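> Once you've had a glance at the structure underneath, I'll fire off some questions.
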Amino acid sequence: MTNLDILKEKYFFMPDATRGAVRYLTTKQLEETGTEAIVTNTLHLLIHPGPDVIQQLGGIKKMMGWKGIVFTDSGGFQLFSLLHSKKWKGKVSENGATFKSPKEGNTYELTPESSIDIQMKIGSDVLVTLDDCRDTGLSRADAEKSVERTLKWAVRCKERFNNEYGGTKKTGKLLTCVVQGSNYLDLRAYCAKELSKIGFDGYNFGGYVIDKDGELVVDEMSAVIENVPKDTIRYAMGVGKPEDIVKASKIGYNLFDTVLVTRNARHGTLYTSQGVVRIKNSEMALDQAPVDRECNCECCRNYTRAYLHHMLKNGEATALTLLTIHNLTFYQTLIKGLTLL
RNA sequence: GCAGAGGUGGCGGAGCGGUCAAACGCAUCGGACUGUAAAUCCGACUCCUUCGGGAUACACUGGUUCAAAUCCAGUCCUCUGCA
């Protein structure tokens, strides 16, 4: 059994392996970036390949050949981004959500209980309670509703985890919750306190982490940290740009994930010790330097900016792999350099 | 050499009298991306501009018209059938 207590003792950056794979990386390449934990997604894995299939295959870790830590995000964020925004057909109610997958048309139900069941079948190490995630700029009334629902669902998740599976004692797994409250500091504090009364292994900052100007919502994040027990996981979900991870770490968060690392790599925005480098820009065409002179990843050890520029602009998938390796290595190096804990 | 089709912005390709600085695609040049429906999306792409506009533009040269990428004549090129 993996020693999960380490999650409370140091900083981690988790790349998103939404469907059970960090896009364009093999599990070996993923390990070589210094990654120790990943996040997979309950809702995506529910649809494909389905929790029963994963269970029959021995769980996500066996499927992936991954020896590190696996988080499962509960699907709360997807209920927001796909259902509330009406990109998918479905509805969210007090009991949970029902929705149709747009490709196959199958109907699914995601409730606090089923979310836990699915996460158990996936075989994750750290589960996340289903939450009612909303957009920023929410009205007070809607924010209150979201908090109340998130609290009720958290209770139901914990009961399911304990009653059905025997909790951490029996499973060795951890259960973390999500704090909502939008931009209302008192609601954030209230939600954090109430969740603390219930008791979880970790308290995750949920909702949107940047405001409309792209600034990290540090006040909201602080309001949560101040009302949560010490010696727990403090996961800033969706954070963020390198400078925002540094900011969040100073507030007291120790665990991060963001799609920016891998998505931006694919889109040609690279993080380096000298700042952002846009590899697709024309000035890179003859640049024989590595992406980052201070980086020792496979990409920077072996390839020039010019070569990567050429490959990415011309659709060679190898570039997506190499650039993802670089960005993720940069993040893991950054996270290992954080020393406040 | 007869017959037919055609020459449009970096390329492909619409338009066939005015609302055309010219659809759409590609290429090019920027930008965005924050618990991933994303190898995606957005913008720019003749020149100048005090951002209101202004000046040149649809092979070339003339012409018809208030008005031409669009109609007419000639010139130069290209492609396809027949010899």
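We name chains A, B, ... following the order of the structure tokens; residues begin at 1 in each chain, and ligands are numbered from 1 as shown.
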Which residues come within 8 Å of Arg188 (chain A), counting only C-alpha atoms (C1' of nucleotides), excluding same-chain residues fewer than 4 positions away, as a ChimeraX atom specification?

/A:179-184,192,220,223-224

> Would you mind exporting N, CA and C atoms of the selected residues as a PDB file, in the first residue's frame?


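Output file out_38.pdb follows:
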ATOM      1  N   VAL A 179     -14.383  22.528  -1.191  1.00  0.00           N
ATOM      2  CA  VAL A 179     -14.967  23.719  -0.581  1.00  0.00           C
ATOM      3  C   VAL A 179     -15.482  24.643  -1.674  1.00  0.00           C
ATOM      4  N   GLN A 180     -16.754  24.986  -1.572  1.00  0.00           N
ATOM      5  CA  GLN A 180     -17.336  25.944  -2.524  1.00  0.00           C
ATOM      6  C   GLN A 180     -17.635  27.261  -1.807  1.00  0.00           C
ATOM      7  N   GLY A 181     -18.358  28.151  -2.458  1.00  0.00           N
ATOM      8  CA  GLY A 181     -18.672  29.452  -1.852  1.00  0.00           C
ATOM      9  C   GLY A 181     -18.385  30.609  -2.786  1.00  0.00           C
ATOM     10  N   SER A 182     -18.003  30.274  -3.993  1.00  0.00           N
ATOM     11  CA  SER A 182     -17.786  31.304  -5.018  1.00  0.00           C
ATOM     12  C   SER A 182     -16.867  32.409  -4.484  1.00  0.00           C
ATOM     13  N   ASN A 183     -17.232  33.655  -4.721  1.00  0.00           N
ATOM     14  CA  ASN A 183     -16.358  34.771  -4.333  1.00  0.00           C
ATOM     15  C   ASN A 183     -16.752  35.381  -2.988  1.00  0.00           C
ATOM     16  N   TYR A 184     -17.627  34.704  -2.249  1.00  0.00           N
ATOM     17  CA  TYR A 184     -18.065  35.220  -0.955  1.00  0.00           C
ATOM     18  C   TYR A 184     -17.193  34.635   0.148  1.00  0.00           C
ATOM     19  N   ALA A 192     -15.903  25.744   4.613  1.00  0.00           N
ATOM     20  CA  ALA A 192     -14.696  25.088   5.123  1.00  0.00           C
ATOM     21  C   ALA A 192     -14.910  24.584   6.556  1.00  0.00           C
ATOM     22  N   GLU A 220     -10.202  34.393  -1.384  1.00  0.00           N
ATOM     23  CA  GLU A 220     -11.081  33.238  -1.222  1.00  0.00           C
ATOM     24  C   GLU A 220     -10.274  32.016  -0.779  1.00  0.00           C
ATOM     25  N   ALA A 223      -9.377  32.338   2.851  1.00  0.00           N
ATOM     26  CA  ALA A 223     -10.535  32.136   3.721  1.00  0.00           C
ATOM     27  C   ALA A 223     -10.772  30.647   3.973  1.00  0.00           C
ATOM     28  N   VAL A 224     -10.470  29.849   3.006  1.00  0.00           N
ATOM     29  CA  VAL A 224     -10.643  28.408   3.156  1.00  0.00           C
ATOM     30  C   VAL A 224      -9.540  27.826   4.046  1.00  0.00           C
TER      31      VAL A 224
END

> Could you work out which residues of chain A fall inside 6 Å of chain B? Count only C-alpha atoms (C1' of nucleotides), and format the result as a PDB file with N, CA and C atoms, in the first residue's frame.


ATOM      1  N   MET A 237      -7.473  23.062  -6.555  1.00  0.00           N
ATOM      2  CA  MET A 237      -7.876  22.423  -7.813  1.00  0.00           C
ATOM      3  C   MET A 237      -7.793  23.396  -8.984  1.00  0.00           C
ATOM      4  N   GLY A 238      -7.078  22.988  -9.981  1.00  0.00           N
ATOM      5  CA  GLY A 238      -6.992  23.822 -11.170  1.00  0.00           C
ATOM      6  C   GLY A 238      -5.938  24.910 -11.133  1.00  0.00           C
ATOM      7  N   VAL A 239      -5.136  24.927 -10.093  1.00  0.00           N
ATOM      8  CA  VAL A 239      -4.045  25.923  -9.995  1.00  0.00           C
ATOM      9  C   VAL A 239      -2.756  25.248 -10.416  1.00  0.00           C
ATOM     10  N   GLY A 240      -2.116  25.865 -11.292  1.00  0.00           N
ATOM     11  CA  GLY A 240      -2.407  27.025 -12.117  1.00  0.00           C
ATOM     12  C   GLY A 240      -1.110  27.371 -12.825  1.00  0.00           C
ATOM     13  N   THR A 258      -3.353  21.231 -12.974  1.00  0.00           N
ATOM     14  CA  THR A 258      -3.907  22.126 -13.982  1.00  0.00           C
ATOM     15  C   THR A 258      -3.701  21.498 -15.346  1.00  0.00           C
TER      16      THR A 258
END

> Please identify which residues in region 17-194 of chain A DSSP calls strand (DSSP E) from the backbone, and express them as an MDAnalysis selection string.

chainID A and resid 37:41 69:73 90:93 96:100 107:110 126:128 174:179

> Limited to N, CA and C atoms, could you put the picked residues into a file as a compact mmCIF listing (two decimals), in the first residue's frame?


# COMPACT_ATOMS: atom_id res chain seq x y z
N ALA A 37 2.13 11.75 -8.54
CA ALA A 37 0.68 11.56 -8.39
C ALA A 37 -0.03 12.14 -9.61
N ILE A 38 -1.14 11.53 -9.96
CA ILE A 38 -1.93 12.01 -11.11
C ILE A 38 -3.40 12.11 -10.71
N VAL A 39 -4.18 12.85 -11.48
CA VAL A 39 -5.62 12.92 -11.25
C VAL A 39 -6.35 12.34 -12.45
N THR A 40 -7.25 11.43 -12.18
CA THR A 40 -8.10 10.93 -13.26
C THR A 40 -9.52 11.42 -12.98
N ASN A 41 -10.39 11.25 -13.94
CA ASN A 41 -11.73 11.83 -13.80
C ASN A 41 -12.84 10.80 -13.79
N ILE A 69 0.68 7.62 -7.07
CA ILE A 69 -0.60 7.90 -6.42
C ILE A 69 -1.63 8.32 -7.47
N VAL A 70 -2.87 7.88 -7.28
CA VAL A 70 -3.95 8.27 -8.19
C VAL A 70 -5.07 8.95 -7.41
N PHE A 71 -5.40 10.14 -7.85
CA PHE A 71 -6.60 10.83 -7.38
C PHE A 71 -7.71 10.58 -8.40
N THR A 72 -8.95 10.57 -7.92
CA THR A 72 -10.07 10.63 -8.87
C THR A 72 -10.86 11.88 -8.56
N ASP A 73 -10.95 12.76 -9.54
CA ASP A 73 -11.82 13.90 -9.36
C ASP A 73 -13.25 13.37 -9.48
N GLY A 90 -28.73 17.43 -19.86
CA GLY A 90 -28.86 16.76 -18.58
C GLY A 90 -29.31 17.76 -17.54
N LYS A 91 -29.53 17.28 -16.33
CA LYS A 91 -29.92 18.22 -15.28
C LYS A 91 -29.29 17.84 -13.95
N VAL A 92 -29.05 18.87 -13.18
CA VAL A 92 -28.49 18.68 -11.86
C VAL A 92 -29.61 18.95 -10.86
N SER A 93 -29.82 18.01 -9.95
CA SER A 93 -30.86 18.20 -8.95
C SER A 93 -30.27 17.94 -7.57
N GLY A 96 -28.41 14.64 -7.33
CA GLY A 96 -27.23 14.41 -8.15
C GLY A 96 -27.49 14.91 -9.55
N ALA A 97 -26.97 14.20 -10.55
CA ALA A 97 -27.17 14.65 -11.91
C ALA A 97 -27.48 13.47 -12.82
N THR A 98 -28.33 13.72 -13.80
CA THR A 98 -28.53 12.75 -14.87
C THR A 98 -28.19 13.45 -16.17
N PHE A 99 -27.58 12.73 -17.06
CA PHE A 99 -27.16 13.36 -18.31
C PHE A 99 -26.95 12.31 -19.39
N LYS A 100 -26.91 12.79 -20.62
CA LYS A 100 -26.65 11.92 -21.76
C LYS A 100 -25.28 12.22 -22.33
N THR A 107 -27.58 7.27 -21.21
CA THR A 107 -27.93 8.10 -20.06
C THR A 107 -27.16 7.62 -18.83
N TYR A 108 -26.65 8.57 -18.08
CA TYR A 108 -25.88 8.24 -16.88
C TYR A 108 -26.43 9.02 -15.69
N GLU A 109 -26.18 8.46 -14.53
CA GLU A 109 -26.55 9.16 -13.31
C GLU A 109 -25.31 9.28 -12.43
N LEU A 110 -25.11 10.46 -11.93
CA LEU A 110 -23.99 10.66 -11.01
C LEU A 110 -24.54 11.28 -9.73
N VAL A 126 -7.01 8.35 -3.63
CA VAL A 126 -7.63 9.46 -2.93
C VAL A 126 -8.89 9.87 -3.66
N LEU A 127 -10.02 9.75 -2.96
CA LEU A 127 -11.29 10.08 -3.57
C LEU A 127 -11.66 11.52 -3.26
N VAL A 128 -12.52 12.07 -4.10
CA VAL A 128 -13.00 13.44 -3.93
C VAL A 128 -14.52 13.39 -3.88
N LEU A 174 -7.87 7.53 0.99
CA LEU A 174 -8.24 8.78 1.64
C LEU A 174 -9.45 9.39 0.95
N LEU A 175 -10.19 10.18 1.72
CA LEU A 175 -11.34 10.89 1.16
C LEU A 175 -11.16 12.39 1.39
N THR A 176 -11.21 13.13 0.31
CA THR A 176 -11.09 14.59 0.41
C THR A 176 -12.40 15.23 -0.03
N CYS A 177 -12.62 16.45 0.42
CA CYS A 177 -13.86 17.15 0.08
C CYS A 177 -13.54 18.41 -0.71
N VAL A 178 -14.58 19.03 -1.22
CA VAL A 178 -14.38 20.25 -2.01
C VAL A 178 -15.10 21.42 -1.34
N VAL A 179 -14.38 22.53 -1.19
CA VAL A 179 -14.97 23.72 -0.58
C VAL A 179 -15.48 24.64 -1.67

> Determine, counting only C-alpha atoms (C1' of nucleotides), which protein, DNA and RNA residues have an atom within 9 Å of an atom of Leu46 (chain A); residues of the same chain fewer than 4 positions away are not included. Present the result as an NGL selection string.

:A and (41-42 or 50-52 or 108 or 118 or 122)

> Please, could you write that set of residues out with C-alpha atoms as a JSON list (two decimals), in the first residue's frame?


[["chain", "number", "residue", "atom", "x", "y", "z"],
["A", 41, "ASN", "CA", -11.73, 11.83, -13.80],
["A", 42, "THR", "CA", -14.75, 9.98, -12.53],
["A", 50, "GLY", "CA", -16.82, 2.25, -17.55],
["A", 51, "PRO", "CA", -16.12, 1.46, -13.91],
["A", 52, "ASP", "CA", -16.90, -2.25, -14.21],
["A", 108, "TYR", "CA", -25.88, 8.24, -16.88],
["A", 118, "ILE", "CA", -17.25, 4.62, -9.34],
["A", 122, "ILE", "CA", -11.59, 2.85, -10.67]]

> For C72 (chain B), please output as a PyMOL selection string all residues within 12 Å (counting only C-alpha atoms (C1' of nucleotides); exclusion window: fewer than 3 positions along the same chain).

chain B and resi 62-65+68

> Print the selection's residues with C-alpha atoms (C1' of nucleotides) to a file, as a short mmCIF file (atom, residue, chain, number, x, y, z; two decimals), in the first residue's frame.


data_model
loop_
_atom_site.label_atom_id
_atom_site.label_comp_id
_atom_site.auth_asym_id
_atom_site.auth_seq_id
_atom_site.Cartn_x
_atom_site.Cartn_y
_atom_site.Cartn_z
"C1'" G B 62 -7.90 50.51 -74.73
"C1'" G B 63 -13.35 51.10 -74.74
"C1'" U B 64 -18.86 51.09 -73.11
"C1'" U B 65 -21.29 52.87 -68.48
"C1'" A B 68 -16.40 47.14 -64.36
#

> Find the spatial neighbours of region 16-27 of chain B, counting only C-alpha atoms (C1' of nucleotides), within a cut-off of 12 Å - ignore same-chain residues fewer than 4 positions away - and output them as a list of chain:residue names.

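Listed by chain and then number, they are A:Lys313, A:Asn314, B:U8, B:G9, B:G10, B:C11, B:G12, B:C45, B:U46, B:C47, B:A55, B:U56, B:A57, B:C58, B:U64, B:U65, B:C66, B:A67, B:A68, B:A69, B:U70, B:C71.
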
> Do you have the CA of Lys336 (chain A)-CA of Gly34 (chain A) distance handy?

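Going from CA of Lys336 (chain A) over to CA of Gly34 (chain A), I get 9.3 Å.
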